[in-house]
Structure formats: structure tokens, C-alpha cells
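Here's model.pdb, which has PDB, C-alpha atoms:
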```
ATOM      1  CA  MET A 268     -67.114 -18.648 -24.466
ATOM      2  CA  LEU A 269     -68.445 -18.410 -28.020
ATOM      3  CA  ASN A 270     -72.223 -18.425 -28.342
ATOM      4  CA  SER A 271     -72.219 -21.711 -30.263
ATOM      5  CA  GLU A 272     -70.032 -23.337 -27.591
ATOM      6  CA  LYS A 273     -72.281 -21.993 -24.848
ATOM      7  CA  GLU A 274     -75.429 -23.211 -26.611
ATOM      8  CA  LYS A 275     -73.907 -26.672 -27.040
ATOM      9  CA  ARG A 276     -72.937 -26.774 -23.356
ATOM     10  CA  LEU A 277     -76.423 -25.667 -22.308
ATOM     11  CA  ASN A 278     -78.112 -28.152 -24.632
ATOM     12  CA  ASP A 279     -75.893 -31.021 -23.427
ATOM     13  CA  SER A 280     -76.578 -30.097 -19.803
ATOM     14  CA  ARG A 281     -80.332 -29.787 -20.428
ATOM     15  CA  GLN A 282     -80.424 -33.226 -22.055
ATOM     16  CA  PHE A 283     -78.419 -34.782 -19.212
ATOM     17  CA  TRP A 284     -80.652 -33.343 -16.462
ATOM     18  CA  ASP A 285     -83.847 -34.090 -18.389
ATOM     19  CA  HIS A 286     -82.698 -37.721 -18.497
ATOM     20  CA  GLU A 287     -81.843 -37.693 -14.768
ATOM     21  CA  ALA A 288     -85.096 -36.041 -13.690
ATOM     22  CA  ALA A 289     -87.180 -39.219 -13.270
ATOM     23  CA  SER A 290     -84.732 -40.739 -10.768
ATOM     24  CA  PHE A 291     -83.369 -37.515  -9.233
ATOM     25  CA  ASP A 292     -85.442 -37.694  -6.048
ATOM     26  CA  GLU A 293     -84.169 -41.200  -5.226
ATOM     27  CA  ASP A 294     -81.087 -39.574  -3.693
ATOM     28  CA  PRO A 295     -82.060 -38.781  -0.070
ATOM     29  CA  ASP A 296     -80.455 -35.354  -0.307
ATOM     30  CA  HIS A 297     -82.429 -34.497  -3.457
ATOM     31  CA  GLY A 298     -85.924 -35.807  -2.821
ATOM     32  CA  LEU A 299     -85.964 -35.131   0.924
ATOM     33  CA  LYS A 300     -88.407 -38.042   1.274
ATOM     34  CA  ASN A 301     -86.842 -39.340   4.470
ATOM     35  CA  PRO A 302     -88.422 -37.404   7.380
ATOM     36  CA  ARG A 303     -85.086 -37.155   9.198
ATOM     37  CA  VAL A 304     -83.273 -35.755   6.137
ATOM     38  CA  LEU A 305     -86.137 -33.317   5.500
ATOM     39  CA  LYS A 306     -86.069 -32.187   9.140
ATOM     40  CA  ILE A 307     -82.321 -31.529   9.037
ATOM     41  CA  TRP A 308     -82.510 -29.567   5.771
ATOM     42  CA  SER A 309     -85.515 -27.615   7.066
ATOM     43  CA  GLU A 310     -83.735 -26.691  10.302
ATOM     44  CA  LEU A 311     -80.591 -25.591   8.454
ATOM     45  CA  LEU A 312     -82.505 -23.523   5.930
ATOM     46  CA  LYS A 313     -84.712 -21.904   8.562
ATOM     47  CA  ALA A 314     -81.605 -20.790  10.475
ATOM     48  CA  TRP A 315     -80.071 -19.227   7.346
ATOM     49  CA  LEU A 316     -83.179 -17.617   5.816
ATOM     50  CA  PRO A 317     -84.554 -14.151   6.497
ATOM     51  CA  GLY A 318     -86.951 -14.258   9.454
ATOM     52  CA  GLN A 319     -89.767 -12.444   7.685
ATOM     53  CA  PRO A 320     -91.529 -13.688   4.542
ATOM     54  CA  SER A 321     -89.285 -12.772   1.623
ATOM     55  CA  ARG A 322     -89.017 -13.194  -2.116
ATOM     56  CA  ILE A 323     -86.504 -16.016  -2.636
ATOM     57  CA  LEU A 324     -84.875 -17.352  -5.801
ATOM     58  CA  ASP A 325     -84.033 -21.072  -5.741
ATOM     59  CA  VAL A 326     -81.306 -21.316  -8.379
ATOM     60  CA  GLY A 327     -80.978 -24.756  -9.980
ATOM     61  CA  CYS A 328     -84.097 -25.901  -8.155
ATOM     62  CA  GLY A 329     -84.179 -29.362  -9.743
ATOM     63  CA  THR A 330     -87.368 -31.159  -8.736
ATOM     64  CA  GLY A 331     -88.280 -28.400  -6.285
ATOM     65  CA  SER A 332     -87.617 -30.074  -2.939
ATOM     66  CA  ILE A 333     -85.895 -27.032  -1.439
ATOM     67  CA  SER A 334     -88.423 -24.687  -3.082
ATOM     68  CA  VAL A 335     -91.241 -26.527  -1.305
ATOM     69  CA  VAL A 336     -89.444 -26.216   2.050
ATOM     70  CA  LEU A 337     -88.942 -22.477   1.464
ATOM     71  CA  ALA A 338     -92.593 -21.973   0.507
ATOM     72  CA  GLY A 339     -93.609 -23.933   3.603
ATOM     73  CA  PHE A 340     -91.924 -21.236   5.697
ATOM     74  CA  GLY A 341     -94.158 -18.620   4.078
ATOM     75  CA  HIS A 342     -91.700 -17.235   1.521
ATOM     76  CA  GLN A 343     -92.612 -16.262  -2.046
ATOM     77  CA  VAL A 344     -90.434 -18.626  -4.082
ATOM     78  CA  VAL A 345     -89.231 -18.511  -7.658
ATOM     79  CA  GLY A 346     -87.416 -21.663  -8.792
ATOM     80  CA  ILE A 347     -85.303 -21.848 -11.933
ATOM     81  CA  ASP A 348     -83.656 -24.792 -13.635
ATOM     82  CA  LEU A 349     -82.294 -25.450 -17.109
ATOM     83  CA  SER A 350     -84.192 -28.743 -17.386
ATOM     84  CA  PRO A 351     -87.848 -28.639 -18.480
ATOM     85  CA  ALA A 352     -88.285 -32.163 -17.055
ATOM     86  CA  MET A 353     -87.031 -31.021 -13.636
ATOM     87  CA  ILE A 354     -89.321 -27.981 -13.728
ATOM     88  CA  ALA A 355     -92.328 -30.165 -14.599
ATOM     89  CA  LEU A 356     -91.614 -32.413 -11.605
ATOM     90  CA  ALA A 357     -91.050 -29.386  -9.363
ATOM     91  CA  SER A 358     -94.423 -27.931 -10.376
ATOM     92  CA  GLU A 359     -96.142 -31.231  -9.598
ATOM     93  CA  LYS A 360     -94.390 -31.473  -6.211
ATOM     94  CA  ALA A 361     -95.391 -27.926  -5.253
ATOM     95  CA  ALA A 362     -99.021 -28.564  -6.208
ATOM     96  CA  ARG A 363     -99.076 -31.852  -4.220
ATOM     97  CA  ASN A 364     -97.818 -29.939  -1.202
ATOM     98  CA  GLY A 365    -100.322 -27.106  -1.593
ATOM     99  CA  HIS A 366     -97.842 -24.405  -2.632
ATOM    100  CA  VAL A 367     -97.920 -21.920  -5.476
ATOM    101  CA  ILE A 368     -94.331 -21.553  -6.664
ATOM    102  CA  ASP A 369     -93.225 -19.747  -9.810
ATOM    103  CA  PHE A 370     -91.050 -22.313 -11.611
ATOM    104  CA  GLN A 371     -89.271 -21.285 -14.814
ATOM    105  CA  VAL A 372     -86.914 -22.957 -17.264
ATOM    106  CA  MET A 373     -83.854 -20.724 -17.242
ATOM    107  CA  ASP A 374     -80.059 -20.749 -17.397
ATOM    108  CA  ALA A 375     -78.929 -20.375 -13.778
ATOM    109  CA  SER A 376     -75.666 -18.712 -14.792
ATOM    110  CA  GLU A 377     -77.555 -15.729 -16.245
ATOM    111  CA  PRO A 378     -80.971 -15.473 -14.558
ATOM    112  CA  GLN A 379     -83.292 -13.144 -16.444
ATOM    113  CA  PHE A 380     -84.676 -10.966 -13.648
ATOM    114  CA  PRO A 381     -84.217  -7.264 -12.915
ATOM    115  CA  ASN A 382     -81.474  -6.354 -10.476
ATOM    116  CA  ALA A 383     -82.515  -6.188  -6.817
ATOM    117  CA  SER A 384     -85.453  -8.586  -7.334
ATOM    118  CA  PHE A 385     -84.895 -10.888  -4.344
ATOM    119  CA  GLU A 386     -84.216 -10.670  -0.619
ATOM    120  CA  CYS A 387     -82.529 -14.065  -0.724
ATOM    121  CA  ILE A 388     -81.049 -16.495  -3.231
ATOM    122  CA  VAL A 389     -80.560 -20.162  -2.396
ATOM    123  CA  CYS A 390     -78.265 -22.332  -4.495
ATOM    124  CA  ARG A 391     -77.707 -25.948  -3.537
ATOM    125  CA  HIS A 392     -75.236 -28.205  -5.337
ATOM    126  CA  LEU A 393     -75.000 -26.249  -8.595
ATOM    127  CA  LEU A 394     -72.150 -23.751  -8.671
ATOM    128  CA  TRP A 395     -69.582 -26.534  -9.127
ATOM    129  CA  ALA A 396     -71.176 -27.403 -12.495
ATOM    130  CA  LEU A 397     -71.177 -23.878 -13.932
ATOM    131  CA  PRO A 398     -68.360 -22.311 -15.935
ATOM    132  CA  ASP A 399     -66.889 -19.046 -14.674
ATOM    133  CA  PRO A 400     -68.165 -19.146 -11.062
ATOM    134  CA  LYS A 401     -66.912 -15.622 -10.354
ATOM    135  CA  THR A 402     -69.162 -14.128 -13.062
ATOM    136  CA  VAL A 403     -72.074 -16.354 -12.043
ATOM    137  CA  LEU A 404     -71.796 -15.254  -8.409
ATOM    138  CA  GLN A 405     -71.719 -11.598  -9.471
ATOM    139  CA  ASN A 406     -74.839 -12.169 -11.598
ATOM    140  CA  TRP A 407     -76.609 -13.636  -8.570
ATOM    141  CA  VAL A 408     -75.451 -10.904  -6.180
ATOM    142  CA  ASP A 409     -76.800  -8.297  -8.617
ATOM    143  CA  LEU A 410     -80.255  -9.876  -8.204
ATOM    144  CA  LEU A 411     -80.221  -9.292  -4.444
ATOM    145  CA  LYS A 412     -81.845  -6.297  -2.803
ATOM    146  CA  PRO A 413     -79.614  -4.261  -0.465
ATOM    147  CA  HIS A 414     -78.726  -6.370   2.574
ATOM    148  CA  GLY A 415     -79.999  -9.483   0.777
ATOM    149  CA  ARG A 416     -78.375 -12.814   1.387
ATOM    150  CA  LEU A 417     -76.935 -15.533  -0.806
ATOM    151  CA  ILE A 418     -77.142 -19.014   0.673
ATOM    152  CA  LEU A 419     -74.643 -21.141  -1.215
ATOM    153  CA  ILE A 420     -74.520 -24.848  -0.389
ATOM    154  CA  GLU A 421     -71.784 -26.802  -2.140
ATOM    155  CA  GLY A 422     -69.580 -29.817  -1.568
ATOM    156  CA  TYR A 423     -66.379 -31.491  -2.618
ATOM    157  CA  TRP A 424     -67.876 -33.754  -5.280
ATOM    158  CA  SER A 425     -64.639 -35.353  -6.427
ATOM    159  CA  ALA A 426     -63.554 -36.191  -2.859
TER
END
```

What does this structure look like when you write it as C-alpha cells?
Amino acid sequence: MLNSEKEKRLNDSRQFWDHEAASFDEDPDHGLKNPRVLKIWSELLKAWLPGQPSRILDVGCGTGSISVVLAGFGHQVVGIDLSPAMIALASEKAARNGHVIDFQVMDASEPQFPNASFECIVCRHLLWALPDPKTVLQNWVDLLKPHGRLILIEGYWSA
């Protein structure tokens, strides 16, 4: 993809998600405000995550709901999202919940971290929206330490 095309795609996506940020947590699966939904997500994540405190990258963290769950388990969390509005809400949510989480505005398809920076990467409901998933997945795998794990949660959104 030409740089100008990529920049336009990123800018369009950023604008869309900035606009969606204020209402994003109204979806039960996004905001995790319902105790039952939060409990289910927490149980699933706990079963998939490393047992010991680890450095985890939450790719496409949105408003930080999953990041807060991960931090609540004692992990050191870095959350990235293309949308500054989402990152601002994620930072507020982490602070309200008593967690220090490193949130950064960043393109999830090309995270800017050294290779082997994380024991675990969590991506929920994002890969479907990114061009060239094969390259994106390789970029993420490169960020994992040896024996690290990639937790990829997706769906069939057009079904």
C-alpha cells in the first residue's frame, strides 16, 4: 500500500474510532460494565494468560476494559490504540480502577516496540479490520519473547 493510501486509511480509521469513543462502552462486550459479562471475560482471560505476572501488550485496547482486567491480575500492561479519544478514556478508566497502565496512541498493525518485548499479546476484535493480516500477525509474533503467547479473539462480524 502506498504511504499516502496508508495515511488516508489510518486517518479515516482514527476519525471513525475517535467519534465512536464516547459511546463505545455501551456495548456490553466493550465496556464490561455488566458484572456477569465482566466475570465471564475475566475467567476466560485468566485461563489463557501466563500464570505469573508478565508484560502484556493489549493491541487495539479501545477504552481499556481488557487492559484493566489484565492489570487486575497483576500483569504489567501496555495498551495501544490508533484513536487518541479511546486512549484518553482508557487512561481515565485505569486511574478510576487504581491501575497504572502505559497507554499509547499507535498503529496496531506496526507496533513500535523492540522485538521480544512481551510475554503475551492480547488482541480482541481488531484483526478483522486490519489490512494484510498475515503481515500484522508476523509483526505481533516478533514482539513476543521466546515461548510467549498471542491471544487472538475474533468473530464472524458479517454473520

Between A:Ala375, A:Ile368, A:Ala383, A:Leu277, smallest distance to A:Leu404 by all atoms listed in the file belongs to A:Ala375

Students should find that atom CA of A:Ser384 and atom CA of A:Pro317 are spaced 14.9 Å

Q: Evaluate the PyMOL selection byres ((chain A and resi 372) around 9) on the structure here and hand back the selected residues as a PyMOL selection string.
A: chain A and resi 346-351+353-354+370-371+373-374

Give me, as a list in words, all polymer residues having an atom no more than 7 Å from stretch 318-331 of chain A, counting only C-alpha atoms and skipping those fewer than 4 positions away in the same chain.
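Near neighbours after the sequence-gap exclusion: Val335, Gly341, His342, Gln343, Val344, Val345, Gly346, Ile347, Asp348, Met353, Ile354, Leu356, Ala357, Lys360, Ala375, Phe385, Glu386, Cys387, Ile388, Val389, Cys390 and Leu393 of chain A.
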
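Put simply, atom CA of A:Lys401 is 12.2 Å away from atom CA of A:Glu377.
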
request  = Using atom CA of A:Asp399 and atom CA of A:Pro378 as the two end points, give the distance in Å to one decimal.
outcome  =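 Rounded to one decimal, the two atoms are 14.5 Å apart.
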
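Compared by their closest atoms to A:Lys300, and using all atoms listed in the file, the residues A:Gln405, A:Pro413, A:His392, A:Val336 rank with A:Val336 nearest.
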